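**Student:** Provided below: my_file27.cif, containing mmCIF, C-alpha atoms.
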data_my_file
loop_
_atom_site.label_atom_id
_atom_site.label_comp_id
_atom_site.auth_asym_id
_atom_site.auth_seq_id
_atom_site.Cartn_x
_atom_site.Cartn_y
_atom_site.Cartn_z
CA ASP O 1 -56.19 221.88 7.88
CA VAL O 2 -53.31 220.95 5.62
CA LYS O 3 -50.17 220.14 7.49
CA VAL O 4 -46.66 220.42 6.06
CA THR O 5 -44.00 219.00 8.34
CA GLN O 6 -40.28 219.60 8.01
CA SER O 7 -38.18 217.07 9.83
CA SER O 8 -35.82 219.44 11.62
CA ARG O 9 -36.20 222.97 12.95
CA TYR O 10 -32.47 223.55 13.38
CA LEU O 11 -29.59 221.68 11.80
CA VAL O 12 -25.81 222.11 12.00
CA LYS O 13 -23.66 220.28 9.44
CA ARG O 14 -20.02 220.28 8.44
CA THR O 15 -18.68 221.42 5.08
CA GLY O 16 -18.66 218.55 2.60
CA GLU O 17 -21.36 216.52 4.33
CA LYS O 18 -24.34 215.20 2.40
CA VAL O 19 -27.48 216.72 3.92
CA PHE O 20 -31.08 215.58 3.61
CA LEU O 21 -33.98 217.89 4.39
CA GLU O 22 -37.32 216.12 4.56
CA CYS O 23 -40.78 217.52 3.98
CA VAL O 24 -44.08 215.66 4.36
CA GLN O 25 -47.59 216.89 3.57
CA ASP O 26 -50.79 215.15 4.60
CA MET O 27 -53.32 216.34 1.99
CA ASP O 28 -52.43 214.52 -1.22
CA HIS O 29 -51.29 217.75 -2.90
CA GLU O 30 -49.70 217.41 -6.31
CA ASN O 31 -47.33 220.36 -6.11
CA MET O 32 -44.48 220.67 -3.64
CA PHE O 33 -41.71 223.27 -3.45
CA TRP O 34 -38.41 224.02 -1.79
CA TYR O 35 -37.42 227.65 -1.18
CA ARG O 36 -34.54 229.20 0.66
CA GLN O 37 -34.82 232.52 2.47
CA ASP O 38 -31.88 234.82 3.03
CA PRO O 39 -31.76 238.36 4.47
CA GLY O 40 -31.96 240.92 1.72
CA LEU O 41 -32.66 238.30 -0.96
CA GLY O 42 -36.13 237.16 0.07
CA LEU O 43 -37.48 233.73 -0.87
CA ARG O 44 -35.94 232.01 -3.86
CA LEU O 45 -37.19 228.80 -5.45
CA ILE O 46 -34.71 225.91 -5.51
CA TYR O 47 -36.80 223.06 -6.98
CA PHE O 48 -40.39 222.06 -7.29
CA SER O 49 -42.30 218.89 -8.11
CA TYR O 50 -45.73 218.53 -9.69
CA ASP O 51 -46.05 214.76 -9.30
CA VAL O 52 -44.24 211.69 -8.05
CA LYS O 53 -40.79 211.39 -9.66
CA MET O 54 -41.38 214.67 -11.54
CA LYS O 55 -39.24 217.70 -10.75
CA GLU O 56 -38.26 221.01 -12.22
CA LYS O 57 -35.43 223.37 -11.43
CA GLY O 58 -36.25 226.65 -9.86
CA ASP O 59 -34.14 229.80 -9.88
CA ILE O 60 -31.18 228.54 -7.82
CA PRO O 61 -30.81 224.74 -8.22
CA GLU O 62 -27.00 224.61 -8.23
CA GLY O 63 -25.62 222.46 -5.42
CA TYR O 64 -29.02 220.86 -4.69
CA SER O 65 -31.01 217.89 -5.86
CA VAL O 66 -34.45 216.59 -4.90
CA SER O 67 -36.32 213.34 -4.59
CA ARG O 68 -40.03 212.59 -4.69
CA GLU O 69 -40.66 208.87 -4.49
CA LYS O 70 -44.04 209.21 -2.77
CA LYS O 71 -46.65 211.91 -3.25
CA GLU O 72 -46.55 213.07 0.35
CA ARG O 73 -42.76 213.39 0.69
CA PHE O 74 -40.38 215.80 -1.03
CA SER O 75 -36.73 215.71 -0.02
CA LEU O 76 -34.05 218.32 -0.64
CA ILE O 77 -30.48 217.04 -0.85
CA LEU O 78 -27.32 219.06 -0.49
CA GLU O 79 -24.78 216.83 -2.20
CA SER O 80 -21.76 218.42 -0.52
CA ALA O 81 -22.73 221.14 1.92
CA SER O 82 -20.93 224.44 1.72
CA THR O 83 -20.99 227.49 3.98
CA ASN O 84 -22.90 229.52 1.37
CA GLN O 85 -25.77 227.09 1.79
CA THR O 86 -26.32 228.28 5.35
CA SER O 87 -29.89 229.52 5.18
CA MET O 88 -33.52 229.04 6.17
CA TYR O 89 -35.11 226.33 4.03
CA LEU O 90 -38.86 226.37 3.53
CA CYS O 91 -41.00 223.62 2.05
CA ALA O 92 -44.49 224.24 0.69
CA SER O 93 -47.27 222.22 -0.86
CA GLN O 94 -50.19 223.30 -2.98
CA GLU O 95 -53.36 221.99 -4.49
CA GLN O 96 -54.01 223.31 -7.99
CA THR O 97 -55.38 226.90 -7.99
CA TYR O 98 -55.23 227.19 -4.23
CA GLY O 99 -52.73 228.83 -1.96
CA TYR O 100 -49.46 227.47 -0.72
CA THR O 101 -49.11 225.90 2.70
CA PHE O 102 -45.62 226.24 4.16
CA GLY O 103 -43.84 224.13 6.72
CA SER O 104 -42.23 225.79 9.73
CA GLY O 105 -38.79 225.88 8.11
CA THR O 106 -35.37 224.37 8.75
CA ARG O 107 -32.59 226.71 9.75
CA LEU O 108 -29.43 225.08 8.40
CA THR O 109 -25.97 226.16 9.46
CA VAL O 110 -22.95 224.75 7.61
CA VAL O 111 -19.68 225.11 9.50
CA GLY S 1 -38.74 237.43 -15.24
CA ILE S 2 -41.60 239.03 -13.44
CA GLN S 3 -40.78 241.80 -10.95
CA VAL S 4 -42.66 242.20 -7.68
CA GLU S 5 -42.36 245.38 -5.63
CA GLN S 6 -43.85 245.88 -2.20
CA SER S 7 -44.32 249.10 -0.33
CA PRO S 8 -43.64 250.39 2.18
CA PRO S 9 -40.62 248.30 3.19
CA ASP S 10 -41.18 249.08 6.86
CA LEU S 11 -44.20 250.24 8.81
CA ILE S 12 -44.49 250.99 12.53
CA LEU S 13 -47.95 251.59 13.95
CA GLN S 14 -49.74 251.88 17.25
CA GLU S 15 -52.10 249.11 18.24
CA GLY S 16 -55.56 249.82 16.87
CA ALA S 17 -54.38 251.62 13.74
CA ASN S 18 -55.28 250.65 10.19
CA SER S 19 -52.76 249.98 7.43
CA THR S 20 -52.55 249.40 3.69
CA LEU S 21 -49.77 247.38 2.10
CA ARG S 22 -49.20 247.52 -1.62
CA CYS S 23 -47.85 245.01 -4.15
CA ASN S 24 -47.02 246.01 -7.73
CA PHE S 25 -46.09 243.48 -10.36
CA SER S 26 -44.64 243.87 -13.82
CA ASP S 27 -46.67 241.41 -15.89
CA SER S 28 -50.09 239.85 -16.15
CA VAL S 29 -50.49 237.11 -13.57
CA ASN S 30 -53.08 234.50 -12.76
CA ASN S 31 -51.84 233.61 -9.31
CA LEU S 32 -51.34 236.07 -6.47
CA GLN S 33 -51.00 235.20 -2.81
CA TRP S 34 -50.40 237.16 0.38
CA PHE S 35 -48.45 235.65 3.27
CA HIS S 36 -47.63 236.67 6.82
CA GLN S 37 -44.32 235.53 8.30
CA ASN S 38 -44.42 235.68 12.08
CA PRO S 39 -41.37 236.46 14.23
CA TRP S 40 -40.64 232.71 14.54
CA GLY S 41 -40.35 232.36 10.77
CA GLN S 42 -43.61 230.54 10.03
CA LEU S 43 -45.24 231.64 6.76
CA ILE S 44 -49.02 231.66 6.82
CA ASN S 45 -51.10 231.99 3.69
CA LEU S 46 -53.54 234.87 4.09
CA PHE S 47 -55.18 235.08 0.69
CA TYR S 48 -55.17 233.46 -2.71
CA ILE S 49 -56.42 236.42 -4.74
CA PRO S 50 -55.54 236.63 -8.45
CA SER S 51 -58.37 239.14 -8.88
CA GLY S 52 -61.21 240.76 -6.96
CA THR S 53 -61.66 241.33 -3.25
CA LYS S 54 -61.67 238.97 -0.30
CA GLN S 55 -62.10 239.50 3.42
CA ASN S 56 -61.10 237.42 6.40
CA GLY S 57 -61.85 239.04 9.74
CA ARG S 58 -59.78 242.21 10.15
CA LEU S 59 -57.86 241.52 6.95
CA SER S 60 -58.98 242.12 3.42
CA ALA S 61 -57.26 242.15 0.03
CA THR S 62 -57.99 243.56 -3.37
CA THR S 63 -56.24 242.71 -6.62
CA VAL S 64 -56.71 244.80 -9.77
CA ALA S 65 -55.10 242.50 -12.29
CA THR S 66 -55.53 244.86 -15.25
CA GLU S 67 -53.55 247.54 -13.41
CA ARG S 68 -51.05 245.07 -11.95
CA TYR S 69 -51.37 245.77 -8.26
CA SER S 70 -52.78 244.28 -5.10
CA LEU S 71 -53.54 245.83 -1.72
CA LEU S 72 -53.68 244.21 1.70
CA TYR S 73 -55.69 246.04 4.36
CA ILE S 74 -55.28 245.42 8.06
CA SER S 75 -57.78 247.09 10.36
CA SER S 76 -57.59 247.58 14.12
CA SER S 77 -54.02 246.26 14.26
CA GLN S 78 -52.96 243.99 17.11
CA THR S 79 -49.44 243.16 18.28
CA THR S 80 -49.86 239.67 16.84
CA ASP S 81 -50.07 241.25 13.38
CA SER S 82 -46.36 242.11 13.62
CA GLY S 83 -44.08 240.35 11.18
CA VAL S 84 -43.29 240.46 7.49
CA TYR S 85 -45.98 240.45 4.83
CA PHE S 86 -45.11 238.98 1.46
CA CYS S 87 -46.87 239.21 -1.85
CA ALA S 88 -46.11 236.45 -4.37
CA VAL S 89 -47.22 236.11 -7.98
CA GLY S 90 -47.22 233.50 -10.72
CA TYR S 91 -48.62 232.57 -14.11
CA PHE S 92 -51.54 230.27 -14.78
CA GLY S 93 -50.38 226.74 -15.45
CA ASN S 94 -47.08 227.52 -13.80
CA GLU S 95 -47.37 227.21 -10.06
CA LYS S 96 -43.98 228.71 -9.27
CA LEU S 97 -44.30 231.91 -7.31
CA THR S 98 -42.05 234.94 -7.40
CA PHE S 99 -41.95 236.67 -4.03
CA GLY S 100 -41.63 240.35 -3.28
CA THR S 101 -39.14 241.51 -0.68
CA GLY S 102 -41.84 242.06 1.90
CA THR S 103 -43.21 244.76 4.20
CA ARG S 104 -42.05 244.55 7.80
CA LEU S 105 -44.91 245.60 10.07
CA THR S 106 -44.31 246.40 13.73
CA ILE S 107 -47.30 247.04 15.98
CA ILE S 108 -46.52 248.89 19.19
CA PRO S 109 -48.78 248.31 22.22
#
Rewrite the structure from the file as C-alpha coordinates, please.
**Tutor:**
Amino acid sequence: DVKVTQSSRYLVKRTGEKVFLECVQDMDHENMFWYRQDPGLGLRLIYFSYDVKMKEKGDIPEGYSVSREKKERFSLILESASTNQTSMYLCASQEQTYGYTFGSGTRLTVV
Amino acid sequence: GIQVEQSPPDLILQEGANSTLRCNFSDSVNNLQWFHQNPWGQLINLFYIPSGTKQNGRLSATTVATERYSLLYISSSQTTDSGVYFCAVGYFGNEKLTFGTGTRLTIIP
(Lines of atoms letter the chains of each structure in order from A and count residues from 1; the text may use other names and numbers.)
(Lines give C-alpha, C1' and ligand atoms only; values in the text may rest on other atoms or scores of the structure.)
Protein backbone atom coordinates (compact mmCIF):
# COMPACT_ATOMS: atom_id res chain seq x y z
CA ASP A 1 0.00 0.00 0.00
CA VAL A 2 1.08 3.55 -0.71
CA LYS A 3 2.06 5.43 2.38
CA VAL A 4 1.96 9.21 2.73
CA THR A 5 3.53 10.45 5.94
CA GLN A 6 3.13 13.93 7.38
CA SER A 7 5.77 14.83 9.89
CA SER A 8 3.54 16.20 12.64
CA ARG A 9 0.00 15.42 13.74
CA TYR A 10 -0.38 18.54 15.86
CA LEU A 11 1.64 21.73 15.74
CA VAL A 12 1.41 25.02 17.66
CA LYS A 13 3.34 28.02 16.34
CA ARG A 14 3.53 31.70 17.12
CA THR A 15 2.45 34.50 14.80
CA GLY A 16 5.30 35.53 12.53
CA GLU A 17 7.20 32.24 12.76
CA LYS A 18 8.35 30.43 9.63
CA VAL A 19 6.67 27.03 9.58
CA PHE A 20 7.62 23.93 7.61
CA LEU A 21 5.16 21.10 7.03
CA GLU A 22 6.74 17.98 5.60
CA CYS A 23 5.16 15.25 3.52
CA VAL A 24 6.84 12.07 2.28
CA GLN A 25 5.43 9.38 0.00
CA ASP A 26 7.00 5.99 -0.61
CA MET A 27 5.67 5.01 -4.06
CA ASP A 28 7.52 7.20 -6.55
CA HIS A 29 4.35 9.13 -7.42
CA GLU A 30 4.76 12.10 -9.72
CA ASN A 31 1.94 14.24 -8.37
CA MET A 32 1.79 15.64 -4.86
CA PHE A 33 -0.65 18.12 -3.34
CA TRP A 34 -1.22 20.31 -0.32
CA TYR A 35 -4.79 21.07 0.78
CA ARG A 36 -6.18 22.84 3.78
CA GLN A 37 -9.50 21.91 5.35
CA ASP A 38 -11.64 24.36 7.27
CA PRO A 39 -15.16 23.96 8.70
CA GLY A 40 -17.75 25.17 6.23
CA LEU A 41 -15.18 25.67 3.46
CA GLY A 42 -14.22 22.07 2.74
CA LEU A 43 -10.87 21.15 1.20
CA ARG A 44 -9.07 23.81 -0.80
CA LEU A 45 -5.94 23.30 -2.87
CA ILE A 46 -2.93 25.39 -1.87
CA TYR A 47 -0.20 24.09 -4.21
CA PHE A 48 0.61 21.01 -6.17
CA SER A 49 3.67 19.55 -7.86
CA TYR A 50 3.84 17.22 -10.86
CA ASP A 51 7.59 16.59 -10.77
CA VAL A 52 10.75 17.48 -8.91
CA LYS A 53 11.23 21.26 -8.75
CA MET A 54 7.92 21.76 -10.60
CA LYS A 55 5.02 23.43 -8.83
CA GLU A 56 1.76 25.13 -9.59
CA LYS A 57 -0.45 27.38 -7.52
CA GLY A 58 -3.77 26.07 -6.41
CA ASP A 59 -6.80 28.09 -5.36
CA ILE A 60 -5.37 29.71 -2.21
CA PRO A 61 -1.56 30.04 -2.50
CA GLU A 62 -1.23 33.41 -0.76
CA GLY A 63 1.00 33.24 2.31
CA TYR A 64 2.42 29.83 1.35
CA SER A 65 5.28 28.47 -0.69
CA VAL A 66 6.40 24.92 -1.46
CA SER A 67 9.54 22.96 -2.14
CA ARG A 68 10.09 19.69 -3.96
CA GLU A 69 13.78 18.88 -4.18
CA LYS A 70 13.27 15.10 -4.20
CA LYS A 71 10.43 13.14 -5.76
CA GLU A 72 9.28 11.61 -2.48
CA ARG A 73 9.17 14.82 -0.43
CA PHE A 74 6.88 17.84 -0.79
CA SER A 75 7.17 20.61 1.79
CA LEU A 76 4.71 23.38 2.55
CA ILE A 77 6.17 26.59 3.97
CA LEU A 78 4.33 29.30 5.81
CA GLU A 79 6.68 32.24 5.40
CA SER A 80 5.27 34.22 8.32
CA ALA A 81 2.51 32.36 10.12
CA SER A 82 -0.70 34.20 10.86
CA THR A 83 -3.74 33.23 12.92
CA ASN A 84 -5.88 32.84 9.79
CA GLN A 85 -3.60 29.99 8.77
CA THR A 86 -4.81 27.91 11.70
CA SER A 87 -6.23 24.89 9.94
CA MET A 88 -5.94 21.19 9.13
CA TYR A 89 -3.33 20.65 6.43
CA LEU A 90 -3.57 17.56 4.25
CA CYS A 91 -0.94 16.22 1.88
CA ALA A 92 -1.75 13.78 -0.92
CA SER A 93 0.11 11.95 -3.64
CA GLN A 94 -1.14 10.40 -6.83
CA GLU A 95 0.00 8.22 -9.67
CA GLN A 96 -1.37 9.33 -13.03
CA THR A 97 -5.02 8.27 -13.56
CA TYR A 98 -5.29 6.69 -10.15
CA GLY A 99 -6.79 7.92 -6.94
CA TYR A 100 -5.25 10.18 -4.37
CA THR A 101 -3.65 8.84 -1.22
CA PHE A 102 -3.80 11.27 1.69
CA GLY A 103 -1.59 11.57 4.73
CA SER A 104 -3.15 11.68 8.19
CA GLY A 105 -3.06 15.48 8.33
CA THR A 106 -1.37 18.15 10.44
CA ARG A 107 -3.56 20.26 12.67
CA LEU A 108 -1.76 23.61 12.89
CA THR A 109 -2.65 26.23 15.45
CA VAL A 110 -1.09 29.69 15.16
CA VAL A 111 -1.27 31.73 18.36
CA GLY B 1 -14.68 26.84 -12.02
CA ILE B 2 -16.43 23.55 -11.71
CA GLN B 3 -19.13 23.25 -9.04
CA VAL B 4 -19.62 20.10 -7.00
CA GLU B 5 -22.78 19.56 -4.95
CA GLN B 6 -23.35 16.67 -2.59
CA SER B 7 -26.58 15.55 -1.05
CA PRO B 8 -27.82 15.04 1.52
CA PRO B 9 -25.57 17.16 3.75
CA ASP B 10 -26.37 15.00 6.77
CA LEU B 11 -27.68 11.48 7.14
CA ILE B 12 -28.43 9.54 10.32
CA LEU B 13 -29.20 5.85 10.00
CA GLN B 14 -29.57 2.75 12.11
CA GLU B 15 -26.93 0.08 11.83
CA GLY B 16 -27.83 -2.33 9.04
CA ALA B 17 -29.58 0.25 6.86
CA ASN B 18 -28.67 1.05 3.27
CA SER B 19 -27.88 4.52 1.96
CA THR B 20 -27.30 6.40 -1.28
CA LEU B 21 -25.14 9.52 -1.46
CA ARG B 22 -25.26 11.75 -4.49
CA CYS B 23 -22.69 13.99 -6.18
CA ASN B 24 -23.66 16.43 -8.95
CA PHE B 25 -21.09 18.36 -10.92
CA SER B 26 -21.42 21.25 -13.31
CA ASP B 27 -19.08 20.31 -16.15
CA SER B 28 -17.70 17.32 -18.01
CA VAL B 29 -14.98 15.65 -15.98
CA ASN B 30 -12.51 12.86 -16.53
CA ASN B 31 -11.54 12.32 -12.92
CA LEU B 32 -13.96 11.57 -10.10
CA GLN B 33 -13.06 10.15 -6.72
CA TRP B 34 -14.98 9.29 -3.56
CA PHE B 35 -13.35 9.61 -0.15
CA HIS B 36 -14.31 8.74 3.41
CA GLN B 37 -12.99 10.94 6.22
CA ASN B 38 -13.13 9.11 9.53
CA PRO B 39 -13.74 10.85 12.87
CA TRP B 40 -9.96 11.19 13.38
CA GLY B 41 -9.60 13.17 10.16
CA GLN B 42 -7.97 10.54 7.94
CA LEU B 43 -9.17 10.66 4.33
CA ILE B 44 -9.39 7.29 2.63
CA ASN B 45 -9.83 6.90 -1.10
CA LEU B 46 -12.84 4.68 -1.78
CA PHE B 47 -13.15 4.81 -5.55
CA TYR B 48 -11.55 6.32 -8.60
CA ILE B 49 -14.57 6.29 -10.90
CA PRO B 50 -14.75 8.79 -13.78
CA SER B 51 -17.41 6.60 -15.40
CA GLY B 52 -19.17 3.27 -14.96
CA THR B 53 -19.75 1.18 -11.86
CA LYS B 54 -17.39 -0.30 -9.31
CA GLN B 55 -17.92 -2.37 -6.20
CA ASN B 56 -15.78 -2.96 -3.14
CA GLY B 57 -17.43 -5.10 -0.49
CA ARG B 58 -20.48 -3.30 0.92
CA LEU B 59 -19.70 -0.16 -1.05
CA SER B 60 -20.37 0.51 -4.68
CA ALA B 61 -20.32 3.60 -6.89
CA THR B 62 -21.78 4.58 -10.21
CA THR B 63 -20.85 7.60 -12.31
CA VAL B 64 -22.98 8.73 -15.26
CA ALA B 65 -20.61 11.22 -16.81
CA THR B 66 -22.99 12.31 -19.57
CA GLU B 67 -25.56 13.34 -16.95
CA ARG B 68 -22.96 14.76 -14.58
CA TYR B 69 -23.65 12.81 -11.43
CA SER B 70 -22.24 10.03 -9.32
CA LEU B 71 -23.81 7.88 -6.63
CA LEU B 72 -22.19 6.09 -3.71
CA TYR B 73 -24.11 3.17 -2.23
CA ILE B 74 -23.45 1.79 1.23
CA SER B 75 -25.24 -1.41 2.16
CA SER B 76 -25.72 -2.96 5.60
CA SER B 77 -24.21 0.08 7.34
CA GLN B 78 -21.87 -0.39 10.29
CA THR B 79 -20.85 2.14 12.92
CA THR B 80 -17.39 2.28 11.36
CA ASP B 81 -19.00 3.76 8.24
CA SER B 82 -19.65 6.97 10.18
CA GLY B 83 -17.78 10.04 9.02
CA VAL B 84 -17.86 12.46 6.11
CA TYR B 85 -18.01 11.29 2.52
CA PHE B 86 -16.50 13.56 -0.12
CA CYS B 87 -16.84 13.53 -3.85
CA ALA B 88 -14.05 15.25 -5.81
CA VAL B 89 -13.79 15.92 -9.54
CA GLY B 90 -11.19 17.07 -12.04
CA TYR B 91 -10.35 17.34 -15.72
CA PHE B 92 -8.21 14.96 -17.72
CA GLY B 93 -4.63 16.14 -17.88
CA ASN B 94 -5.22 18.34 -14.88
CA GLU B 95 -4.91 16.34 -11.70
CA LYS B 96 -6.22 19.05 -9.39
CA LEU B 97 -9.43 18.00 -7.72
CA THR B 98 -12.34 20.18 -6.67
CA PHE B 99 -14.05 18.78 -3.59
CA GLY B 100 -17.70 18.89 -2.67
CA THR B 101 -18.72 19.95 0.81
CA GLY B 102 -19.41 16.39 1.87
CA THR B 103 -22.16 14.24 3.36
CA ARG B 104 -21.88 13.59 7.07
CA LEU B 105 -23.07 10.05 7.80
CA THR B 106 -23.82 8.94 11.34
CA ILE B 107 -24.62 5.27 11.97
CA ILE B 108 -26.41 4.57 15.24
CA PRO B 109 -25.95 1.14 16.87
**Student:** Which residues fall under the PyMOL selection byres ((chain S) within 12 of (chain O)) in this file, as a PyMOL selection string?
**Tutor:** chain S and resi 1+4-6+9+30-50+84-103
**Student:** Please write the residues from the selection above to a file, keeping C-alpha atoms, as an mmCIF file, in the frame of the given file.
**Tutor:**
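Result written to out.cif:
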data_model
loop_
_atom_site.group_PDB
_atom_site.id
_atom_site.type_symbol
_atom_site.label_atom_id
_atom_site.label_comp_id
_atom_site.auth_asym_id
_atom_site.auth_seq_id
_atom_site.Cartn_x
_atom_site.Cartn_y
_atom_site.Cartn_z
ATOM 1 C CA GLY S 1 -38.740 237.430 -15.240
ATOM 2 C CA VAL S 4 -42.660 242.200 -7.680
ATOM 3 C CA GLU S 5 -42.360 245.380 -5.630
ATOM 4 C CA GLN S 6 -43.850 245.880 -2.200
ATOM 5 C CA PRO S 9 -40.620 248.300 3.190
ATOM 6 C CA ASN S 30 -53.080 234.500 -12.760
ATOM 7 C CA ASN S 31 -51.840 233.610 -9.310
ATOM 8 C CA LEU S 32 -51.340 236.070 -6.470
ATOM 9 C CA GLN S 33 -51.000 235.200 -2.810
ATOM 10 C CA TRP S 34 -50.400 237.160 0.380
ATOM 11 C CA PHE S 35 -48.450 235.650 3.270
ATOM 12 C CA HIS S 36 -47.630 236.670 6.820
ATOM 13 C CA GLN S 37 -44.320 235.530 8.300
ATOM 14 C CA ASN S 38 -44.420 235.680 12.080
ATOM 15 C CA PRO S 39 -41.370 236.460 14.230
ATOM 16 C CA TRP S 40 -40.640 232.710 14.540
ATOM 17 C CA GLY S 41 -40.350 232.360 10.770
ATOM 18 C CA GLN S 42 -43.610 230.540 10.030
ATOM 19 C CA LEU S 43 -45.240 231.640 6.760
ATOM 20 C CA ILE S 44 -49.020 231.660 6.820
ATOM 21 C CA ASN S 45 -51.100 231.990 3.690
ATOM 22 C CA LEU S 46 -53.540 234.870 4.090
ATOM 23 C CA PHE S 47 -55.180 235.080 0.690
ATOM 24 C CA TYR S 48 -55.170 233.460 -2.710
ATOM 25 C CA ILE S 49 -56.420 236.420 -4.740
ATOM 26 C CA PRO S 50 -55.540 236.630 -8.450
ATOM 27 C CA VAL S 84 -43.290 240.460 7.490
ATOM 28 C CA TYR S 85 -45.980 240.450 4.830
ATOM 29 C CA PHE S 86 -45.110 238.980 1.460
ATOM 30 C CA CYS S 87 -46.870 239.210 -1.850
ATOM 31 C CA ALA S 88 -46.110 236.450 -4.370
ATOM 32 C CA VAL S 89 -47.220 236.110 -7.980
ATOM 33 C CA GLY S 90 -47.220 233.500 -10.720
ATOM 34 C CA TYR S 91 -48.620 232.570 -14.110
ATOM 35 C CA PHE S 92 -51.540 230.270 -14.780
ATOM 36 C CA GLY S 93 -50.380 226.740 -15.450
ATOM 37 C CA ASN S 94 -47.080 227.520 -13.800
ATOM 38 C CA GLU S 95 -47.370 227.210 -10.060
ATOM 39 C CA LYS S 96 -43.980 228.710 -9.270
ATOM 40 C CA LEU S 97 -44.300 231.910 -7.310
ATOM 41 C CA THR S 98 -42.050 234.940 -7.400
ATOM 42 C CA PHE S 99 -41.950 236.670 -4.030
ATOM 43 C CA GLY S 100 -41.630 240.350 -3.280
ATOM 44 C CA THR S 101 -39.140 241.510 -0.680
ATOM 45 C CA GLY S 102 -41.840 242.060 1.900
ATOM 46 C CA THR S 103 -43.210 244.760 4.200
#
**Student:** Given the choices O:Glu56, O:Asp26, O:Tyr35, O:Leu108, which gets closest to Ser8 of chain O if the distance is worked out from all atoms listed in the file?
**Tutor:** O:Leu108
**Student:** Given the PyMOL selection byres ((chain S and resi 67) around 10) and the file above, list the residues it selects as a PDB file with C-alpha atoms, in the frame of the given file.
**Tutor:**
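Once everything was written out, this is part_30.pdb:
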ATOM      1  CA  ASN S  24     -47.020 246.010  -7.730  1.00  0.00           C
ATOM      2  CA  PHE S  25     -46.090 243.480 -10.360  1.00  0.00           C
ATOM      3  CA  SER S  26     -44.640 243.870 -13.820  1.00  0.00           C
ATOM      4  CA  ASP S  27     -46.670 241.410 -15.890  1.00  0.00           C
ATOM      5  CA  SER S  28     -50.090 239.850 -16.150  1.00  0.00           C
ATOM      6  CA  THR S  63     -56.240 242.710  -6.620  1.00  0.00           C
ATOM      7  CA  VAL S  64     -56.710 244.800  -9.770  1.00  0.00           C
ATOM      8  CA  ALA S  65     -55.100 242.500 -12.290  1.00  0.00           C
ATOM      9  CA  THR S  66     -55.530 244.860 -15.250  1.00  0.00           C
ATOM     10  CA  ARG S  68     -51.050 245.070 -11.950  1.00  0.00           C
ATOM     11  CA  TYR S  69     -51.370 245.770  -8.260  1.00  0.00           C
ATOM     12  CA  SER S  70     -52.780 244.280  -5.100  1.00  0.00           C
TER      13      SER S  70
END
**Student:** Which value, in Å to one decimal, gives the distance between atom CA of Thr86 of chain O and atom CA of Val4 of chain O?
**Tutor:**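 These two atoms are separated by 21.8 Å.
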**Student:** Report the residues retrieved by the PyMOL selection byres ((chain S and resi 75) around 9) from the displayed file, expressed as an MDAnalysis selection string.
**Tutor:** chainID S and resid 16:20 58:60 73:74 76:78
**Student:** Identify the residues within 6 Å of coordinate (-20.5, 225.4, 8.5) (same frame as the file), considering all atoms listed in the file, and give the answer as a list in words.
**Tutor:**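 The answer, in the requested form, is Arg14, Thr15, Thr83, Thr109, Val110 and Val111 of chain O.
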